[in-house]
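The block underneath contains the structure these notes are about, expressed in structure tokens.
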Amino acid sequence: MGYKCIFLYKGLLPEISKRIEFLGGVKVSSTWSISCSLYLERVPDGSNLNPRDFYLLLFDEKPKKCFVVSRDTIVETDREMVSILEKTNSYRKRQTTDILGSKYELGDFIIRIGPIVARTEVRGILVEVEYIACSSPVTSPFNCTKLLSEFINYNLGPFPEPIQTSYDFSAYPTLSKTYSDLHTSYQYVNLLKTIQ
Amino acid sequence: MYQQQKPQQPQQPQTQHGLVAGVTQSNATDSIVATNVYECSLHGILSTPSSTFIQRAKGMMRSEHPVSYKEMIYKSTVQTQGPSWAENSILPSEIHIRYEKNNLYVRYIGVPQIKDNINAMIRNVVDVRSSETFFIYLDNLGYVKDYEYFVDGYQYSTYNLSLFLVNHRRVLPDGTKGDILNKHSMVELQCLSGEEGFVAAAEYLNTYAEYLYPFVELIKFDHRNLTLDNAQINNNYNR
């Protein structure tokens, strides 16, 4: 997989769609979706304990997998993990944020856009830009942040502030040095936390 | 035990790694629909010579696989309400982690169902494949390791039925294999069923169990007979 940058677009959805199509982007899917749920520990009534929490992400492009972002680790498991969480009854789903949108192909880039919906309200427009030409094993995906930054800021902008394409993954020491869906999960949770 | 289980009943969902799944999913934003899968099993202790039993098992079953893995049982520190009859018995829901050839399999095992008219133990199971970071995640969830052991033996399979002939070994402090816990091998005959198929599954298991008699007597193991004292004894024995 390529390296991804995820950011919040402050404008309207038709604006960014037209922008991508103007650049030559071809819509390949209208049903791209992501779901991010916050799970909280069930603590006894009246307890002063801070409930533990974690985020569970479901990507429609990975229909058999789910990604769990907890305090200091990110895990990829089969989607049946959701069923285990329900059956053990120790955690409850607190809030779900859904993103349902479109996917465009534009040269070496794949752009996914869609409204962020939480509690039936649209909280913003999410844009995910993936640079797929760096998926070769000889090139580290982390080296293409500058190229991705130029593409986003010069072609999809202008933005009030430049979009940052490099991320600090140091809070999750178990993440591998190869960019993966686990890194993407962290990026999504990081972004969605800021708008909840 | 769920080593390389290959159920072949058409109504059962099956994951790509050969274990039966507990969930189907239409797409990422739809609600997740749990399709309950249950493990029906009979248990016994082999006290007759194993060579004769193995010959009989080979004759009845279609395939044979060696099994060898380490199993770790995690229990939640989060208190949730269970069935009232399960109080003071060793019946909390458990998460079993099987570590085998650098692969990590996770299995949720629910409390045994109360089905006095069905002659087999029935437990809800959900299987998941994950990676080693799952241990950290479990720790974050509030689960703690309760006990662990090594399992060595053979699995014999035919259609949707699996027969396990295994020995359990103690885990030494350095994580290596220790002594055998019981000089006799344990035999487990099991199959998987949906919510509607308990009776048929139990009949199926008992038919096969009859063929294995008198080499081994396979019975429905009733956890309600285990009191807290016995549980503690067993736990101490397994540690």
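Following the order of the structure tokens, first chain is A, next is B, and so on, with residues numbered from 1 inside each chain and ligands from 1 in the order they appear.
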Show me, as CSV, the residues of chain A having an atom within 8 Å of chain B, each with the closest atom pair and its distance in Å, using only C-alpha atoms.
```
residue,atom,partner,partner_atom,distance
A:Ser33,CA,B:Ala28,CA,6.4
A:Ile34,CA,B:Ala28,CA,6.1
A:Ser35,CA,B:Thr29,CA,5.7
A:Glu41,CA,B:Leu141,CA,8.0
A:Arg42,CA,B:Val78,CA,7.5
A:Val43,CA,B:Val78,CA,7.4
A:Pro44,CA,B:Gln79,CA,7.8
A:Arg52,CA,B:Leu141,CA,7.0
A:Asp53,CA,B:Leu141,CA,7.8
A:Leu58,CA,B:Ala28,CA,5.4
A:Phe59,CA,B:Ala28,CA,5.8
A:Asp60,CA,B:Ala28,CA,4.8
A:Pro63,CA,B:Asn27,CA,6.8
A:Ser70,CA,B:Tyr137,CA,6.7
A:Arg71,CA,B:Asn140,CA,6.8
A:Thr73,CA,B:Tyr137,CA,6.4
A:Ile74,CA,B:Thr133,CA,7.5
A:Val75,CA,B:Phe134,CA,6.1
A:Glu76,CA,B:Ser130,CA,6.3
A:Thr77,CA,B:Ser130,CA,4.6
A:Asp78,CA,B:Val128,CA,5.3
A:Arg79,CA,B:Val23,CA,7.4
A:Glu80,CA,B:Val23,CA,5.3
A:Met81,CA,B:Val128,CA,6.3
A:Val82,CA,B:Ile32,CA,7.8
A:Ser83,CA,B:Ala34,CA,6.2
A:Ile84,CA,B:Tyr108,CA,6.2
A:Lys87,CA,B:Gly110,CA,8.0
A:Thr88,CA,B:Ser93,CA,6.7
A:Asn89,CA,B:Thr80,CA,6.7
A:Ser90,CA,B:Val78,CA,6.1
A:Asp98,CA,B:Thr29,CA,6.7
A:Thr174,CA,B:Thr133,CA,7.2
```
Would you output that residue set with C-alpha atoms, as an mmCIF file, in the first residue's frame?
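What landed in selection.cif:
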```
data_model
loop_
_atom_site.group_PDB
_atom_site.id
_atom_site.type_symbol
_atom_site.label_atom_id
_atom_site.label_comp_id
_atom_site.auth_asym_id
_atom_site.auth_seq_id
_atom_site.Cartn_x
_atom_site.Cartn_y
_atom_site.Cartn_z
ATOM 1 C CA SER A 33 -16.707 3.997 3.742
ATOM 2 C CA ILE A 34 -15.041 3.922 7.119
ATOM 3 C CA SER A 35 -16.552 3.473 10.528
ATOM 4 C CA GLU A 41 -15.236 -0.030 29.744
ATOM 5 C CA ARG A 42 -18.308 -0.807 31.825
ATOM 6 C CA VAL A 43 -17.398 0.302 35.312
ATOM 7 C CA PRO A 44 -19.630 -0.417 38.306
ATOM 8 C CA ARG A 52 -10.598 2.277 29.794
ATOM 9 C CA ASP A 53 -11.336 2.957 26.158
ATOM 10 C CA LEU A 58 -13.778 -0.825 10.039
ATOM 11 C CA PHE A 59 -12.591 -0.124 6.489
ATOM 12 C CA ASP A 60 -14.861 -1.242 3.657
ATOM 13 C CA PRO A 63 -14.098 -6.391 4.791
ATOM 14 C CA SER A 70 -5.963 1.331 22.300
ATOM 15 C CA ARG A 71 -3.755 3.200 24.745
ATOM 16 C CA THR A 73 -0.978 -0.345 20.714
ATOM 17 C CA ILE A 74 -2.800 -0.839 17.444
ATOM 18 C CA VAL A 75 -3.950 -4.311 16.499
ATOM 19 C CA GLU A 76 -5.315 -5.806 13.315
ATOM 20 C CA THR A 77 -7.682 -8.706 13.909
ATOM 21 C CA ASP A 78 -10.472 -10.527 12.166
ATOM 22 C CA ARG A 79 -13.768 -8.665 12.253
ATOM 23 C CA GLU A 80 -15.246 -11.302 14.555
ATOM 24 C CA MET A 81 -13.435 -9.439 17.329
ATOM 25 C CA VAL A 82 -16.463 -7.146 17.449
ATOM 26 C CA SER A 83 -18.612 -10.133 18.336
ATOM 27 C CA ILE A 84 -16.234 -11.097 21.152
ATOM 28 C CA LYS A 87 -20.295 -11.220 24.160
ATOM 29 C CA THR A 88 -17.830 -10.477 26.952
ATOM 30 C CA ASN A 89 -20.062 -7.548 27.854
ATOM 31 C CA SER A 90 -17.181 -5.717 29.484
ATOM 32 C CA ASP A 98 -19.081 7.155 9.869
ATOM 33 C CA THR A 174 4.786 -1.593 18.320
#
```
Apply DSSP to the backbone of this structure and, from segment 30-100 of chain A, keep only the residues in strand (DSSP E or B); write these as JSON, numbers by chain. {"A": [30, 31, 32, 33, 34, 35, 36, 37, 38, 39, 40, 41, 53, 54, 55, 56, 57, 58, 59, 65, 66, 67, 68, 69, 74, 75, 76, 77, 78, 91, 92, 93, 94, 95, 96, 97, 98, 99, 100]}
I'd like to know which of A:Leu40, A:Ile110, A:Val26, A:Val69 is closest to Leu85 of chain A, using only C-alpha atoms.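 Among A:Leu40, A:Ile110, A:Val26, A:Val69, it is A:Leu40 that comes nearest to Leu85 of chain A.
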Based on the backbone DSSP call, show me all residues of segment 32-153 of chain B assigned helix (DSSP H, G or I), as a ChimeraX atom specification. /B:50-60,84-86,134-141
Please produce a file of those selected residues containing N, CA and C atoms, as a PDB file, in the first residue's frame.
```pdb
ATOM      1  N   SER B  50      -3.117 -46.692  24.107  1.00  0.00           N
ATOM      2  CA  SER B  50      -3.444 -45.704  23.072  1.00  0.00           C
ATOM      3  C   SER B  50      -3.319 -46.278  21.664  1.00  0.00           C
ATOM      4  N   SER B  51      -2.449 -47.285  21.480  1.00  0.00           N
ATOM      5  CA  SER B  51      -2.252 -47.813  20.119  1.00  0.00           C
ATOM      6  C   SER B  51      -3.559 -48.405  19.562  1.00  0.00           C
ATOM      7  N   THR B  52      -4.313 -49.118  20.396  1.00  0.00           N
ATOM      8  CA  THR B  52      -5.575 -49.706  19.939  1.00  0.00           C
ATOM      9  C   THR B  52      -6.594 -48.620  19.625  1.00  0.00           C
ATOM     10  N   PHE B  53      -6.617 -47.607  20.500  1.00  0.00           N
ATOM     11  CA  PHE B  53      -7.559 -46.513  20.291  1.00  0.00           C
ATOM     12  C   PHE B  53      -7.226 -45.765  19.002  1.00  0.00           C
ATOM     13  N   ILE B  54      -5.953 -45.535  18.771  1.00  0.00           N
ATOM     14  CA  ILE B  54      -5.535 -44.786  17.573  1.00  0.00           C
ATOM     15  C   ILE B  54      -5.928 -45.550  16.313  1.00  0.00           C
ATOM     16  N   GLN B  55      -5.769 -46.865  16.369  1.00  0.00           N
ATOM     17  CA  GLN B  55      -6.165 -47.676  15.200  1.00  0.00           C
ATOM     18  C   GLN B  55      -7.648 -47.517  14.919  1.00  0.00           C
ATOM     19  N   ARG B  56      -8.444 -47.511  15.963  1.00  0.00           N
ATOM     20  CA  ARG B  56      -9.892 -47.357  15.800  1.00  0.00           C
ATOM     21  C   ARG B  56     -10.209 -45.958  15.260  1.00  0.00           C
ATOM     22  N   ALA B  57      -9.530 -44.967  15.834  1.00  0.00           N
ATOM     23  CA  ALA B  57      -9.775 -43.570  15.400  1.00  0.00           C
ATOM     24  C   ALA B  57      -9.403 -43.395  13.927  1.00  0.00           C
ATOM     25  N   LYS B  58      -8.275 -43.958  13.544  1.00  0.00           N
ATOM     26  CA  LYS B  58      -7.846 -43.842  12.143  1.00  0.00           C
ATOM     27  C   LYS B  58      -8.839 -44.509  11.204  1.00  0.00           C
ATOM     28  N   GLY B  59      -9.392 -45.618  11.674  1.00  0.00           N
ATOM     29  CA  GLY B  59     -10.350 -46.329  10.843  1.00  0.00           C
ATOM     30  C   GLY B  59     -11.650 -45.568  10.667  1.00  0.00           C
ATOM     31  N   MET B  60     -12.008 -44.767  11.677  1.00  0.00           N
ATOM     32  CA  MET B  60     -13.272 -44.026  11.621  1.00  0.00           C
ATOM     33  C   MET B  60     -13.141 -42.678  10.942  1.00  0.00           C
ATOM     34  N   SER B  84     -26.916 -17.018  37.168  1.00  0.00           N
ATOM     35  CA  SER B  84     -26.900 -17.212  38.616  1.00  0.00           C
ATOM     36  C   SER B  84     -26.397 -18.597  38.998  1.00  0.00           C
ATOM     37  N   TRP B  85     -26.725 -19.601  38.164  1.00  0.00           N
ATOM     38  CA  TRP B  85     -26.308 -20.953  38.511  1.00  0.00           C
ATOM     39  C   TRP B  85     -24.795 -21.125  38.389  1.00  0.00           C
ATOM     40  N   ALA B  86     -24.153 -20.156  37.724  1.00  0.00           N
ATOM     41  CA  ALA B  86     -22.712 -20.283  37.512  1.00  0.00           C
ATOM     42  C   ALA B  86     -21.895 -19.730  38.673  1.00  0.00           C
ATOM     43  N   PHE B 134      -1.629  -8.423  20.033  1.00  0.00           N
ATOM     44  CA  PHE B 134      -2.924  -8.665  20.673  1.00  0.00           C
ATOM     45  C   PHE B 134      -2.773  -8.810  22.191  1.00  0.00           C
ATOM     46  N   PHE B 135      -1.618  -9.301  22.636  1.00  0.00           N
ATOM     47  CA  PHE B 135      -1.389  -9.438  24.082  1.00  0.00           C
ATOM     48  C   PHE B 135      -1.438  -8.070  24.772  1.00  0.00           C
ATOM     49  N   ILE B 136      -0.839  -7.081  24.117  1.00  0.00           N
ATOM     50  CA  ILE B 136      -0.835  -5.727  24.694  1.00  0.00           C
ATOM     51  C   ILE B 136      -2.263  -5.188  24.722  1.00  0.00           C
ATOM     52  N   TYR B 137      -2.975  -5.458  23.653  1.00  0.00           N
ATOM     53  CA  TYR B 137      -4.370  -5.005  23.567  1.00  0.00           C
ATOM     54  C   TYR B 137      -5.214  -5.643  24.677  1.00  0.00           C
ATOM     55  N   LEU B 138      -5.018  -6.950  24.890  1.00  0.00           N
ATOM     56  CA  LEU B 138      -5.758  -7.642  25.957  1.00  0.00           C
ATOM     57  C   LEU B 138      -5.454  -7.022  27.317  1.00  0.00           C
ATOM     58  N   ASP B 139      -4.186  -6.707  27.525  1.00  0.00           N
ATOM     59  CA  ASP B 139      -3.775  -6.072  28.770  1.00  0.00           C
ATOM     60  C   ASP B 139      -4.476  -4.717  28.920  1.00  0.00           C
ATOM     61  N   ASN B 140      -4.523  -3.971  27.816  1.00  0.00           N
ATOM     62  CA  ASN B 140      -5.205  -2.673  27.841  1.00  0.00           C
ATOM     63  C   ASN B 140      -6.697  -2.825  28.125  1.00  0.00           C
ATOM     64  N   LEU B 141      -7.265  -3.929  27.660  1.00  0.00           N
ATOM     65  CA  LEU B 141      -8.694  -4.166  27.885  1.00  0.00           C
ATOM     66  C   LEU B 141      -8.996  -4.522  29.334  1.00  0.00           C
TER      67      LEU B 141
END
```
Fewer than 3 positions away in the same chain doesn't count, so skip those; otherwise give me all residues within 12 Å of Lys177 of chain B, counting only C-alpha atoms, as a tab-separated table (two decimals) with C-alpha atoms, in the first residue's frame.
```tsv
chain	number	residue	atom	x	y	z
B	68	SER	CA	1.18	-28.91	19.20
B	69	TYR	CA	0.58	-25.48	20.63
B	70	LYS	CA	0.66	-23.36	23.73
B	71	GLU	CA	-2.64	-22.14	25.07
B	148	GLU	CA	-1.43	-21.63	30.50
B	149	TYR	CA	-0.40	-25.05	29.28
B	150	PHE	CA	1.05	-26.86	26.30
B	151	VAL	CA	-1.05	-29.24	24.24
B	152	ASP	CA	0.49	-32.08	22.23
B	167	ASN	CA	-1.77	-34.54	26.53
B	168	HIS	CA	-1.40	-31.36	28.52
B	169	ARG	CA	1.94	-30.20	29.81
B	170	ARG	CA	2.84	-27.72	32.47
B	171	VAL	CA	4.53	-24.46	31.40
B	172	LEU	CA	7.81	-23.87	33.20
B	173	PRO	CA	8.74	-20.37	34.46
B	174	ASP	CA	11.03	-19.87	31.45
B	180	ILE	CA	2.75	-33.96	31.65
B	181	LEU	CA	-0.16	-32.95	33.86
```
Å distance separating atom CA of Leu218 of chain B from atom CA of Glu188 of chain B, one decimal place: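 Going from atom CA of Leu218 of chain B over to atom CA of Glu188 of chain B, I get 7.7 Å.
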Identify, on the basis of only C-alpha atoms, every residue whose closest approach to Tyr188 of chain A does not exceed 12 Å; exclude the query and any residue fewer than 5 positions from it along the same chain; express the result as a count of residues only. 31
